[in-house]
Amino acid sequence: MRNGAVGPCLVAISMCLAGCGGGAGGGKWVDRQPLPPDTMTTRMDEVGRHGGRFVAGATASPKTFNPLMANETSSNEIIQQMFISLTDVDYRTQDDIPMLARSWDYSDGGRTVTYHLRRGARFSDALPITSDDVKFCFDVVMDSTLHPSMQDALFMDVGGRHVPFRYSAPDSYTFVVTAPATDALILSHVANVRVLPKHVLEPAFRAGQFGSSYTTATPPDSLVTSGPWRLKSYLENQQTVLSRNPYWFGVDAKGSRLPYLDELVFRVAKDQDAAAQMFHAGELDGLDNVKAEDYKQYAAEAQAKSFVLYDVGPSFNTTFFWFNLNRVRKPEKGKRLGGPEVEPYKFAWFSSRDFRRAVSMAVDRDGIIRGPYYGYGSKAWSIMTERNQRWYDSTLTAPDHDPAAANALLDRLGWKDRNGDGVREDAAGHPLAFTLVYNGDNKLRQAIAALLQDDLAKVGIKLTPAGLDFNALLSKTRSERNYDACLLGLGSAVPSDPGMGANFWKSRGMTHYWDMEQPVGRPDTPAEARIDSLFQACVGTNDLAERKRAYSAMSRVLNDECFLIWLPTAELRIPVKSRFGNVHPSPMPHRILWDSDRIFDRHPGEK
C-alpha cells in the first residue's frame with residue numbers, strides 16, 4: 001500500500017451476499033461518504049470491480065476480537081483485517097509501508113520516529129482516528145497488569161536495566177516514539193500495536209476490564225474498527241463474516257474506495273479433511289491450510305474446477321519440540337522457588353546438553369518428510385526458513401539423524417537398559433521416559449509424534465505422545481508448566497525478521513518456551529546470556545550485514561545447545577478460485593487475505 005492523492009468519490013457496486021463461494025447477485029451499494037483529505041492509493045496488479053464475497057476456510061474460531069490481547073492465529077488472522085497500525089509491511093518485498101501514518105521522520109540517530117497521521121481517517125463508527133487513540137493503545141500495551149505479548153518488543157535491555165520505549169502525542173496528527181537505544185525494528189515493533197477507539201474502550205481500561213473487552217460475545221455493532229473491514233456477524237465454530245468499513249481511506253488508482261469485496265467470510269471446518277471437502281464442493285473460495293497428502297488431488301482437479309494451485313514454497317512457520325526447563329518463578333505449593341517445574345530427576349536429564357543432542361540425533365527427519373509430509377517438506381534449522389530470501393542462512397545446522405552417535409552419547413552419560421525392557425535407566429534407576437504433549441486436533445503433529453516415538457525407542461528412550469485440546473495445551477505450557485516436553489511451533493511474524501522475535505529469543509520472553517520469564521539480567525545459563533546479548537546486537541544496529549551475523553551467531557548457540565529439536569517444515573500449496581484477481585499467496589499469515597482490500601471478484605453476482 002502506498003500514499004496517494006485524493007481521488008473522486010465514485011459510485012461502487014456492492015451488496016451483502018447470501019450464498020457461498022463467489023457470492024450471489026443483489027442490489028447496488030453507493031459510496032455516500034466523501035473521501036478524506038489523506039487517502040491511501042494502494043498498489044495492485046489491476047484495477048478491480050466492486051461486489052462479491054470471498055469465503056476462506058478456517059479450522060478454528062477466533063477466541064477474541066481484541067487485537068492487543070490476542071495470542072492465537074485463529075484470532076489474529078481475522079483481527080488483522082479489522083484493525084490497522086501506524087505502518088504496515090508489503091508481504092512481497094517485506095518493506096515498511098504507510099498505513100495510518102502517511103509518513104514518518106527519524107531523529108536522534110534513528111532512535112526517535114515522528115509519525116504524521118492521515119487527516120480524515122475514521123473508525124467504522126465515523127469518528128476520527130487521532131494520535132489520542134494511538135497513545136491510548138500504547139498505554140494499554142505498556143500496562144504491567146495486562147502485559148500483552150507485544151509489550152516485550154517495546155522494552156530494551158540497556159546498561160543492565162529493562163528500559164521501556166517512550167511515546168507521546170504532541171498534537172492530534174503527530175505521534176512520537178523513542179527507543180532507549182538503536183532499534184533496527186522500531187517501525188515493526190511499533191506496528192505491533194493496532195489502533196483501537198479510545199472513546200469506546202477507555203472506560204473498560206480504567207475499570208480494569210480491558211482484557212475482557214471486544215470478546216467474541218461483543219455485539220457486532222458495538223465493535224468499532226480502524227481497518228478496511230468491520231464485524232458483521234459471528235457464530236462460534238461456524239463462521240465469522242466481515243463487511244467493508246464505509247469510511248476506509250484506501251483507494252485504487254482511479255480513486256475508488258476499497259475494499260472491492262462486499263464481504264470476507266471465515267468458515268470453520270472441524271479439521272483439514274472437512275475443509276478440503278468444503279473446498280472441492282465449491283463452498284470455499286480459498287484454503288491456506290492444505291494437507292500435503294492432498295496436493296496431487298488438488299493439482300489434478302484445478303482446471304476442471306476453475307481454481308489455481310499456487311506453489312508458495314517452504315512455509316515460514318516452523319515445527320519443533322522442546323523439553324521443560326522452566327523453573328519456579330513464583331511461590332507454588334510443594335515446590336521450591338527457583339527449583340524445577342518438573343521432577344528433579346527429569347530436570348537433570350532435560351538440562352543435559354548431551355541428552356538433548358542425543359534426542360536430536362535420534363530423529364529421522366527424512367522419514368518425517370517422506371511420511372507425514374508426503375515428500376513436500378524440507379529440513380529447517382532456524383526460525384528463518386529457506387523461503388525467506390532476506391534472512392535464510394544455509395550454513396546453519398544442528399545434530400541430525402545419527403542413531404549410532406545418539407547411542408554413544410547416552411552410553412557416555414551412564415544411562416543403560418539394565419533390565420532388558422528396551423528402555424534405558426539413569427543411575428538412580430528411573431526409566432528414561434517422558435510424555436510429549438501436542439495439540440491433538442492437528443493430524444500432522446499426531447503423525448510426527450508417532451514417528452518420534454519410534455525413533456527414540458531405537459535409542460532406548462520411551463516417548464509417550466499425548467494429544468490435548470489446544471487451549472489446554474497453552475495453559476499447561478504457559479501457565480501451569482507441568483509437562484515434560486511439547487511439540488508445537490512458531491508462526492511467522494510480520495515482517496519475518498528475527499528482530500520481531502523478542503518474545504521468543506529473550507530469556508525473559510513468554511514464548512521462550514523451554515525456560516520462560518528468566519530474571520532480567522540474570523539468565524539461567526551462560527548460553528542463555530549469550531543469546532540475549534546476540535539478540536540485542538541483532539536489533540541494536542541498522543547495518544543489515546551486522547544484523548545477519550548476530551542472527552546466525554545466536555542461532556548457532558541455540559542449535560549447539562539443542563534447546564529446540566528442529567523438525568522439517570512444510571512446502572506450501574494453496575488453492576484459490578480462478579475468478580479472483582489481485583491474489584498473491586504468501587508464506588506469512590494470512591497467506592491468502594493479507595491484501596484483502598484489493599482482491600476482487602471478476603464475476604460478482606454469479607454463483
# chains A, B, ... in the order shown; residues from 1 in each chain; ligands from 1
>>> select_by_dssp(residues="stretch 413-594 of chain A", states="alpha helix (DSSP H)", output="PyMOL selection string")
chain A and resi 443-457+470-474+502-505+526-539+544-561
>>> residues_around(residues="stretch 587-602 of chain A", least_positions_apart="3", cutoff="6 Å", atoms="only C-alpha atoms", output="PyMOL selection string")
chain A and resi 48+52+77+258-261+315-316+492+579-582
>>> residues_around(residues="A:Gln151", least_positions_apart="5", cutoff="10 Å", atoms="only C-alpha atoms", output="PyMOL selection string")
chain A and resi 68+138+140-144+146+164-165+189-190+192-193+502-503
>>> write_last_selection(atoms="all heavy atoms", output="short mmCIF file (atom, residue, chain, number, x, y, z; two decimals), in the first residue's frame")
data_model
loop_
_atom_site.label_atom_id
_atom_site.label_comp_id
_atom_site.auth_asym_id
_atom_site.auth_seq_id
_atom_site.Cartn_x
_atom_site.Cartn_y
_atom_site.Cartn_z
N LEU A 68 -5.07 -6.29 21.00
CA LEU A 68 -3.99 -6.12 21.95
C LEU A 68 -3.86 -7.29 22.91
O LEU A 68 -2.87 -7.40 23.63
CB LEU A 68 -4.17 -4.82 22.73
CG LEU A 68 -4.28 -3.54 21.88
CD1 LEU A 68 -4.32 -2.32 22.78
CD2 LEU A 68 -3.16 -3.44 20.86
N PHE A 138 -1.10 2.46 23.25
CA PHE A 138 0.22 2.25 23.85
C PHE A 138 0.13 2.20 25.38
O PHE A 138 0.83 1.43 26.02
CB PHE A 138 1.20 3.33 23.39
CG PHE A 138 1.91 2.98 22.12
CD1 PHE A 138 1.25 3.04 20.90
CD2 PHE A 138 3.22 2.55 22.13
CE1 PHE A 138 1.88 2.69 19.72
CE2 PHE A 138 3.87 2.19 20.97
CZ PHE A 138 3.20 2.27 19.76
N VAL A 140 -2.31 0.99 27.02
CA VAL A 140 -2.82 -0.35 27.32
C VAL A 140 -1.70 -1.39 27.19
O VAL A 140 -1.50 -2.23 28.08
CB VAL A 140 -3.98 -0.73 26.37
CG1 VAL A 140 -4.37 -2.20 26.55
CG2 VAL A 140 -5.18 0.18 26.60
N VAL A 141 -0.96 -1.33 26.10
CA VAL A 141 0.10 -2.31 25.86
C VAL A 141 1.17 -2.26 26.94
O VAL A 141 1.70 -3.30 27.34
CB VAL A 141 0.72 -2.09 24.46
CG1 VAL A 141 2.01 -2.90 24.30
CG2 VAL A 141 -0.27 -2.49 23.37
N MET A 142 1.47 -1.08 27.45
CA MET A 142 2.53 -0.95 28.44
C MET A 142 2.03 -1.17 29.87
O MET A 142 2.81 -1.06 30.82
CB MET A 142 3.18 0.44 28.33
CG MET A 142 3.78 0.73 26.96
SD MET A 142 5.00 -0.49 26.42
CE MET A 142 6.46 0.15 27.20
N ASP A 143 0.75 -1.50 30.03
CA ASP A 143 0.20 -1.75 31.36
C ASP A 143 0.82 -3.02 31.96
O ASP A 143 0.79 -4.09 31.35
CB ASP A 143 -1.31 -1.90 31.27
CG ASP A 143 -1.96 -2.09 32.63
OD1 ASP A 143 -2.14 -1.11 33.34
OD2 ASP A 143 -2.26 -3.25 32.97
N SER A 144 1.37 -2.90 33.15
CA SER A 144 2.10 -4.03 33.75
C SER A 144 1.17 -5.16 34.18
O SER A 144 1.60 -6.32 34.26
CB SER A 144 2.91 -3.55 34.95
OG SER A 144 2.07 -2.95 35.93
N LEU A 146 -1.88 -6.02 32.62
CA LEU A 146 -2.34 -6.72 31.41
C LEU A 146 -1.18 -7.47 30.74
O LEU A 146 -1.33 -8.60 30.30
CB LEU A 146 -2.94 -5.73 30.42
CG LEU A 146 -4.32 -5.18 30.76
CD1 LEU A 146 -4.67 -4.04 29.81
CD2 LEU A 146 -5.37 -6.27 30.68
N PRO A 164 11.80 0.86 28.99
CA PRO A 164 10.70 0.93 28.01
C PRO A 164 10.92 2.00 26.95
O PRO A 164 11.66 2.97 27.15
CB PRO A 164 9.49 1.28 28.88
CG PRO A 164 10.08 2.11 29.99
CD PRO A 164 11.44 1.50 30.27
N PHE A 165 10.25 1.84 25.82
CA PHE A 165 10.16 2.89 24.82
C PHE A 165 9.35 4.05 25.43
O PHE A 165 8.45 3.84 26.25
CB PHE A 165 9.41 2.40 23.58
CG PHE A 165 10.21 1.52 22.67
CD1 PHE A 165 11.03 0.50 23.15
CD2 PHE A 165 10.14 1.69 21.29
CE1 PHE A 165 11.74 -0.31 22.30
CE2 PHE A 165 10.84 0.88 20.43
CZ PHE A 165 11.66 -0.12 20.92
N HIS A 189 8.14 -2.93 15.49
CA HIS A 189 7.76 -3.08 16.90
C HIS A 189 6.60 -2.15 17.25
O HIS A 189 5.67 -2.54 17.96
CB HIS A 189 8.96 -2.82 17.81
CG HIS A 189 9.98 -3.91 17.75
ND1 HIS A 189 11.32 -3.68 17.97
CD2 HIS A 189 9.87 -5.24 17.49
CE1 HIS A 189 11.99 -4.83 17.85
NE2 HIS A 189 11.12 -5.78 17.56
N VAL A 190 6.64 -0.94 16.74
CA VAL A 190 5.53 -0.01 16.96
C VAL A 190 4.28 -0.50 16.23
O VAL A 190 3.16 -0.39 16.75
CB VAL A 190 5.92 1.41 16.50
CG1 VAL A 190 4.72 2.33 16.48
CG2 VAL A 190 7.02 1.98 17.41
N ASN A 192 3.27 -3.41 15.86
CA ASN A 192 2.59 -4.49 16.58
C ASN A 192 1.32 -3.99 17.26
O ASN A 192 0.39 -4.76 17.52
CB ASN A 192 3.51 -5.07 17.68
CG ASN A 192 4.51 -6.06 17.14
OD1 ASN A 192 4.28 -6.68 16.10
ND2 ASN A 192 5.62 -6.21 17.83
N VAL A 193 1.30 -2.70 17.56
CA VAL A 193 0.18 -2.11 18.30
C VAL A 193 -0.87 -1.63 17.31
O VAL A 193 -0.68 -0.64 16.61
CB VAL A 193 0.66 -0.94 19.19
CG1 VAL A 193 -0.51 -0.38 19.98
CG2 VAL A 193 1.78 -1.39 20.11
N ALA A 502 11.48 -11.00 19.82
CA ALA A 502 11.99 -10.74 21.17
C ALA A 502 11.36 -11.69 22.19
O ALA A 502 12.05 -12.20 23.09
CB ALA A 502 11.72 -9.29 21.57
N ASN A 503 10.09 -11.96 22.05
CA ASN A 503 9.39 -12.81 23.00
C ASN A 503 9.88 -14.25 22.94
O ASN A 503 9.76 -15.01 23.90
CB ASN A 503 7.89 -12.76 22.70
CG ASN A 503 7.06 -12.78 23.95
OD1 ASN A 503 7.55 -12.51 25.04
ND2 ASN A 503 5.80 -13.11 23.81
#
>>> residues_around(residues="A:Arg530", least_positions_apart="6", cutoff="12 Å", atoms="only C-alpha atoms", output="PDB file with N, CA, C and O atoms, in the first residue's frame")
ATOM      1  N   TRP A 505      13.268 -15.112  21.543  1.00  0.00           N
ATOM      2  CA  TRP A 505      14.714 -15.179  21.760  1.00  0.00           C
ATOM      3  C   TRP A 505      15.124 -14.790  23.177  1.00  0.00           C
ATOM      4  O   TRP A 505      16.014 -15.410  23.762  1.00  0.00           O
ATOM      5  N   LYS A 506      14.489 -13.758  23.735  1.00  0.00           N
ATOM      6  CA  LYS A 506      14.925 -13.251  25.036  1.00  0.00           C
ATOM      7  C   LYS A 506      14.588 -14.234  26.150  1.00  0.00           C
ATOM      8  O   LYS A 506      13.504 -14.808  26.194  1.00  0.00           O
ATOM      9  N   SER A 507      15.505 -14.377  27.083  1.00  0.00           N
ATOM     10  CA  SER A 507      15.319 -15.348  28.166  1.00  0.00           C
ATOM     11  C   SER A 507      14.135 -15.004  29.060  1.00  0.00           C
ATOM     12  O   SER A 507      13.627 -15.874  29.766  1.00  0.00           O
ATOM     13  N   GLY A 521      18.445  -9.713  33.377  1.00  0.00           N
ATOM     14  CA  GLY A 521      19.870  -9.542  33.652  1.00  0.00           C
ATOM     15  C   GLY A 521      20.527 -10.732  34.328  1.00  0.00           C
ATOM     16  O   GLY A 521      21.738 -10.713  34.553  1.00  0.00           O
ATOM     17  N   ARG A 522      19.733 -11.785  34.643  1.00  0.00           N
ATOM     18  CA  ARG A 522      20.298 -12.963  35.304  1.00  0.00           C
ATOM     19  C   ARG A 522      19.756 -14.242  34.659  1.00  0.00           C
ATOM     20  O   ARG A 522      19.038 -15.021  35.295  1.00  0.00           O
ATOM     21  N   PRO A 523      20.107 -14.492  33.398  1.00  0.00           N
ATOM     22  CA  PRO A 523      19.641 -15.718  32.739  1.00  0.00           C
ATOM     23  C   PRO A 523      20.130 -16.963  33.469  1.00  0.00           C
ATOM     24  O   PRO A 523      21.116 -16.933  34.208  1.00  0.00           O
ATOM     25  N   ASP A 524      19.428 -18.066  33.253  1.00  0.00           N
ATOM     26  CA  ASP A 524      19.712 -19.298  33.987  1.00  0.00           C
ATOM     27  C   ASP A 524      21.028 -19.958  33.595  1.00  0.00           C
ATOM     28  O   ASP A 524      21.605 -20.705  34.390  1.00  0.00           O
ATOM     29  N   GLN A 536      20.329  -8.644  21.274  1.00  0.00           N
ATOM     30  CA  GLN A 536      20.441  -7.203  21.410  1.00  0.00           C
ATOM     31  C   GLN A 536      21.330  -6.627  20.309  1.00  0.00           C
ATOM     32  O   GLN A 536      21.052  -5.547  19.778  1.00  0.00           O
ATOM     33  N   ALA A 537      22.387  -7.357  19.949  1.00  0.00           N
ATOM     34  CA  ALA A 537      23.252  -6.916  18.851  1.00  0.00           C
ATOM     35  C   ALA A 537      22.507  -6.929  17.529  1.00  0.00           C
ATOM     36  O   ALA A 537      22.720  -6.074  16.663  1.00  0.00           O
ATOM     37  N   ALA A 550      24.835 -11.393  13.677  1.00  0.00           N
ATOM     38  CA  ALA A 550      24.340 -11.630  15.033  1.00  0.00           C
ATOM     39  C   ALA A 550      23.244 -12.697  15.039  1.00  0.00           C
ATOM     40  O   ALA A 550      23.208 -13.564  15.919  1.00  0.00           O
ATOM     41  N   TYR A 551      22.358 -12.643  14.055  1.00  0.00           N
ATOM     42  CA  TYR A 551      21.283 -13.644  13.964  1.00  0.00           C
ATOM     43  C   TYR A 551      21.863 -15.049  13.796  1.00  0.00           C
ATOM     44  O   TYR A 551      21.438 -15.999  14.469  1.00  0.00           O
ATOM     45  N   ALA A 553      24.806 -16.096  14.650  1.00  0.00           N
ATOM     46  CA  ALA A 553      25.526 -16.490  15.865  1.00  0.00           C
ATOM     47  C   ALA A 553      24.551 -16.950  16.949  1.00  0.00           C
ATOM     48  O   ALA A 553      24.790 -17.967  17.620  1.00  0.00           O
ATOM     49  N   MET A 554      23.449 -16.246  17.131  1.00  0.00           N
ATOM     50  CA  MET A 554      22.520 -16.674  18.194  1.00  0.00           C
ATOM     51  C   MET A 554      21.807 -17.966  17.801  1.00  0.00           C
ATOM     52  O   MET A 554      21.502 -18.802  18.658  1.00  0.00           O
ATOM     53  N   SER A 555      21.596 -18.166  16.511  1.00  0.00           N
ATOM     54  CA  SER A 555      21.010 -19.426  16.055  1.00  0.00           C
ATOM     55  C   SER A 555      21.963 -20.589  16.314  1.00  0.00           C
ATOM     56  O   SER A 555      21.528 -21.692  16.677  1.00  0.00           O
ATOM     57  N   ARG A 556      23.264 -20.355  16.140  1.00  0.00           N
ATOM     58  CA  ARG A 556      24.238 -21.424  16.385  1.00  0.00           C
ATOM     59  C   ARG A 556      24.310 -21.797  17.864  1.00  0.00           C
ATOM     60  O   ARG A 556      24.450 -22.974  18.204  1.00  0.00           O
ATOM     61  N   VAL A 557      24.182 -20.805  18.760  1.00  0.00           N
ATOM     62  CA  VAL A 557      24.156 -21.120  20.190  1.00  0.00           C
ATOM     63  C   VAL A 557      22.911 -21.949  20.503  1.00  0.00           C
ATOM     64  O   VAL A 557      22.994 -22.976  21.199  1.00  0.00           O
ATOM     65  N   LEU A 558      21.780 -21.522  19.994  1.00  0.00           N
ATOM     66  CA  LEU A 558      20.522 -22.248  20.213  1.00  0.00           C
ATOM     67  C   LEU A 558      20.645 -23.685  19.736  1.00  0.00           C
ATOM     68  O   LEU A 558      20.236 -24.635  20.418  1.00  0.00           O
ATOM     69  N   GLU A 561      23.170 -25.987  21.699  1.00  0.00           N
ATOM     70  CA  GLU A 561      22.577 -26.422  22.963  1.00  0.00           C
ATOM     71  C   GLU A 561      21.373 -27.341  22.749  1.00  0.00           C
ATOM     72  O   GLU A 561      20.943 -28.032  23.674  1.00  0.00           O
TER      73      GLU A 561
END
>>> select_by_dssp(residues="stretch 182-337 of chain A", states="strand (DSSP E)", output="PyMOL selection string")
chain A and resi 229-235+239-244+250-251+263-268+307-314+318-323
>>> closest_atom_pairs(of="stretch 155-263 of chain A", to="stretch 542-547 of chain A", cutoff="8 Å", atoms="only C-alpha atoms", output="Markdown table")
| residue | atom | partner | partner_atom | distance |
| --- | --- | --- | --- | --- |
| A:Thr182 | CA | A:Asn542 | CA | 7.8 |
| A:Asp183 | CA | A:Asn542 | CA | 7.5 |
| A:Ala184 | CA | A:Asn542 | CA | 5.0 |
>>> write_last_selection(atoms="N, CA and C atoms", output="tab-separated table (two decimals), in the first residue's frame")
chain	number	residue	atom	x	y	z
A	182	THR	N	19.36	2.25	19.81
A	182	THR	CA	19.06	1.97	18.42
A	182	THR	C	18.29	0.66	18.30
A	183	ASP	N	17.20	0.69	17.56
A	183	ASP	CA	16.36	-0.49	17.34
A	183	ASP	C	16.08	-0.59	15.85
A	184	ALA	N	16.70	-1.57	15.21
A	184	ALA	CA	16.54	-1.74	13.77
A	184	ALA	C	15.10	-2.02	13.38
>>> residues_around(residues="A:Cys562", least_positions_apart="3", cutoff="10 Å", atoms="only C-alpha atoms", output="compact mmCIF listing (two decimals) with all heavy atoms, in the first residue's frame")
# COMPACT_ATOMS: atom_id res chain seq x y z
N TRP A 322 10.50 -29.31 22.44
CA TRP A 322 11.46 -28.89 23.45
C TRP A 322 11.15 -29.58 24.77
O TRP A 322 10.07 -30.13 24.96
CB TRP A 322 11.40 -27.37 23.64
CG TRP A 322 10.16 -26.87 24.31
CD1 TRP A 322 9.95 -26.72 25.64
CD2 TRP A 322 8.94 -26.47 23.68
NE1 TRP A 322 8.68 -26.25 25.89
CE2 TRP A 322 8.04 -26.09 24.70
CE3 TRP A 322 8.53 -26.39 22.35
CZ2 TRP A 322 6.75 -25.65 24.43
CZ3 TRP A 322 7.24 -25.94 22.08
CH2 TRP A 322 6.37 -25.58 23.11
N PHE A 323 12.14 -29.54 25.65
CA PHE A 323 11.99 -30.10 27.00
C PHE A 323 11.76 -28.98 28.00
O PHE A 323 12.28 -27.87 27.85
CB PHE A 323 13.23 -30.91 27.37
CG PHE A 323 13.41 -32.14 26.52
CD1 PHE A 323 14.30 -32.15 25.45
CD2 PHE A 323 12.66 -33.28 26.75
CE1 PHE A 323 14.45 -33.26 24.65
CE2 PHE A 323 12.79 -34.40 25.96
CZ PHE A 323 13.69 -34.40 24.90
N SER A 352 20.63 -31.57 30.49
CA SER A 352 21.89 -32.07 29.93
C SER A 352 21.94 -31.79 28.43
O SER A 352 21.11 -32.27 27.67
CB SER A 352 22.02 -33.58 30.16
OG SER A 352 23.04 -34.12 29.36
N ARG A 353 22.92 -31.00 28.02
CA ARG A 353 23.10 -30.71 26.59
C ARG A 353 23.29 -31.99 25.81
O ARG A 353 22.73 -32.15 24.70
CB ARG A 353 24.30 -29.78 26.42
CG ARG A 353 24.76 -29.56 24.98
CD ARG A 353 25.96 -28.62 24.99
NE ARG A 353 26.58 -28.50 23.68
CZ ARG A 353 27.55 -29.29 23.22
NH1 ARG A 353 27.99 -30.31 24.00
NH2 ARG A 353 28.08 -29.11 22.04
N ASP A 354 24.05 -32.94 26.33
CA ASP A 354 24.29 -34.19 25.60
C ASP A 354 23.01 -35.00 25.42
O ASP A 354 22.82 -35.63 24.39
CB ASP A 354 25.35 -35.02 26.33
CG ASP A 354 26.77 -34.51 26.11
OD1 ASP A 354 26.95 -33.64 25.23
OD2 ASP A 354 27.68 -34.95 26.83
N PHE A 355 22.15 -34.98 26.42
CA PHE A 355 20.86 -35.67 26.27
C PHE A 355 20.06 -35.04 25.14
O PHE A 355 19.52 -35.75 24.27
CB PHE A 355 20.07 -35.60 27.58
CG PHE A 355 18.63 -36.03 27.43
CD1 PHE A 355 18.30 -37.36 27.24
CD2 PHE A 355 17.61 -35.09 27.45
CE1 PHE A 355 16.97 -37.76 27.09
CE2 PHE A 355 16.28 -35.47 27.31
CZ PHE A 355 15.97 -36.81 27.13
N ARG A 356 19.97 -33.73 25.14
CA ARG A 356 19.18 -33.06 24.10
C ARG A 356 19.78 -33.30 22.72
O ARG A 356 19.05 -33.52 21.74
CB ARG A 356 19.09 -31.55 24.40
CG ARG A 356 18.40 -31.22 25.71
CD ARG A 356 18.09 -29.72 25.83
NE ARG A 356 19.28 -28.88 25.79
CZ ARG A 356 19.94 -28.43 26.85
NH1 ARG A 356 19.54 -28.79 28.08
NH2 ARG A 356 20.99 -27.64 26.71
N ARG A 357 21.09 -33.30 22.64
CA ARG A 357 21.73 -33.56 21.34
C ARG A 357 21.50 -35.00 20.91
O ARG A 357 21.30 -35.29 19.73
CB ARG A 357 23.23 -33.25 21.44
CG ARG A 357 23.52 -31.75 21.55
CD ARG A 357 25.01 -31.47 21.77
NE ARG A 357 25.80 -31.81 20.60
CZ ARG A 357 26.02 -31.02 19.57
NH1 ARG A 357 25.48 -29.81 19.53
NH2 ARG A 357 26.78 -31.40 18.55
N ALA A 358 21.51 -35.93 21.85
CA ALA A 358 21.25 -37.33 21.51
C ALA A 358 19.83 -37.50 20.98
O ALA A 358 19.59 -38.24 20.02
CB ALA A 358 21.46 -38.22 22.74
N VAL A 359 18.88 -36.80 21.59
CA VAL A 359 17.50 -36.87 21.11
C VAL A 359 17.40 -36.33 19.69
O VAL A 359 16.74 -36.91 18.82
CB VAL A 359 16.56 -36.09 22.06
CG1 VAL A 359 15.18 -35.92 21.44
CG2 VAL A 359 16.46 -36.81 23.41
N SER A 360 18.08 -35.20 19.42
CA SER A 360 18.06 -34.64 18.07
C SER A 360 18.65 -35.63 17.07
O SER A 360 18.15 -35.77 15.95
CB SER A 360 18.84 -33.32 18.05
OG SER A 360 18.75 -32.70 16.78
N ALA A 398 22.10 -28.38 12.84
CA ALA A 398 22.06 -28.88 14.22
C ALA A 398 22.24 -30.39 14.13
O ALA A 398 22.24 -30.96 13.03
CB ALA A 398 20.73 -28.51 14.87
N PRO A 399 22.44 -31.08 15.26
CA PRO A 399 22.62 -32.53 15.19
C PRO A 399 21.46 -33.21 14.45
O PRO A 399 20.31 -33.11 14.85
CB PRO A 399 22.66 -32.94 16.66
CG PRO A 399 23.18 -31.73 17.37
CD PRO A 399 22.59 -30.57 16.64
N ARG A 556 23.26 -20.35 16.14
CA ARG A 556 24.24 -21.42 16.39
C ARG A 556 24.31 -21.80 17.86
O ARG A 556 24.45 -22.97 18.20
CB ARG A 556 25.61 -21.00 15.87
CG ARG A 556 25.72 -21.04 14.35
CD ARG A 556 27.14 -20.80 13.84
NE ARG A 556 27.20 -21.04 12.41
CZ ARG A 556 26.90 -20.14 11.47
NH1 ARG A 556 26.56 -18.91 11.85
NH2 ARG A 556 26.95 -20.44 10.19
N VAL A 557 24.18 -20.81 18.76
CA VAL A 557 24.16 -21.12 20.19
C VAL A 557 22.91 -21.95 20.50
O VAL A 557 22.99 -22.98 21.20
CB VAL A 557 24.17 -19.83 21.04
CG1 VAL A 557 24.01 -20.18 22.53
CG2 VAL A 557 25.46 -19.05 20.81
N LEU A 558 21.78 -21.52 19.99
CA LEU A 558 20.52 -22.25 20.21
C LEU A 558 20.64 -23.69 19.74
O LEU A 558 20.24 -24.64 20.42
CB LEU A 558 19.39 -21.53 19.48
CG LEU A 558 17.98 -22.08 19.68
CD1 LEU A 558 17.42 -21.64 21.02
CD2 LEU A 558 17.07 -21.61 18.55
N ASN A 559 21.23 -23.87 18.54
CA ASN A 559 21.33 -25.20 17.94
C ASN A 559 22.39 -26.06 18.60
O ASN A 559 22.24 -27.28 18.70
CB ASN A 559 21.60 -25.08 16.44
CG ASN A 559 20.41 -24.53 15.68
OD1 ASN A 559 19.39 -24.20 16.27
ND2 ASN A 559 20.53 -24.42 14.38
N ILE A 565 14.44 -28.98 19.42
CA ILE A 565 14.73 -30.08 18.50
C ILE A 565 13.98 -29.76 17.22
O ILE A 565 12.76 -29.91 17.13
CB ILE A 565 14.28 -31.44 19.07
CG1 ILE A 565 14.78 -31.62 20.51
CG2 ILE A 565 14.75 -32.57 18.16
CD1 ILE A 565 16.28 -31.62 20.69
N TRP A 566 14.71 -29.25 16.22
CA TRP A 566 14.09 -28.80 14.98
C TRP A 566 13.53 -29.97 14.17
O TRP A 566 14.16 -31.02 14.07
CB TRP A 566 15.08 -28.04 14.12
CG TRP A 566 15.53 -26.74 14.68
CD1 TRP A 566 16.76 -26.44 15.23
CD2 TRP A 566 14.77 -25.53 14.77
NE1 TRP A 566 16.80 -25.14 15.64
CE2 TRP A 566 15.59 -24.55 15.37
CE3 TRP A 566 13.47 -25.19 14.38
CZ2 TRP A 566 15.16 -23.25 15.59
CZ3 TRP A 566 13.04 -23.88 14.60
CH2 TRP A 566 13.87 -22.94 15.19
>>> decode(residues="stretch 433-453 of chain A", atoms="C-alpha atoms", output="mmCIF file, in the first residue's frame")
data_model
loop_
_atom_site.group_PDB
_atom_site.id
_atom_site.type_symbol
_atom_site.label_atom_id
_atom_site.label_comp_id
_atom_site.auth_asym_id
_atom_site.auth_seq_id
_atom_site.Cartn_x
_atom_site.Cartn_y
_atom_site.Cartn_z
ATOM 1 C CA ALA A 433 10.712 -41.991 29.730
ATOM 2 C CA PHE A 434 8.794 -38.788 29.142
ATOM 3 C CA THR A 435 5.446 -37.587 27.774
ATOM 4 C CA LEU A 436 5.255 -35.345 24.698
ATOM 5 C CA VAL A 437 2.181 -33.100 24.602
ATOM 6 C CA TYR A 438 0.851 -31.544 21.391
ATOM 7 C CA ASN A 439 -2.434 -30.157 20.042
ATOM 8 C CA GLY A 440 -4.419 -33.308 19.366
ATOM 9 C CA ASP A 441 -6.614 -31.874 16.616
ATOM 10 C CA ASN A 442 -3.570 -31.434 14.372
ATOM 11 C CA LYS A 443 -3.210 -34.667 12.422
ATOM 12 C CA LEU A 444 0.205 -33.736 11.056
ATOM 13 C CA ARG A 445 1.607 -33.318 14.563
ATOM 14 C CA GLN A 446 -0.124 -36.504 15.622
ATOM 15 C CA ALA A 447 1.686 -38.383 12.838
ATOM 16 C CA ILE A 448 5.017 -36.691 13.650
ATOM 17 C CA ALA A 449 4.652 -37.584 17.340
ATOM 18 C CA ALA A 450 4.127 -41.242 16.417
ATOM 19 C CA LEU A 451 7.319 -41.258 14.323
ATOM 20 C CA LEU A 452 9.250 -39.547 17.124
ATOM 21 C CA GLN A 453 8.056 -42.278 19.468
#
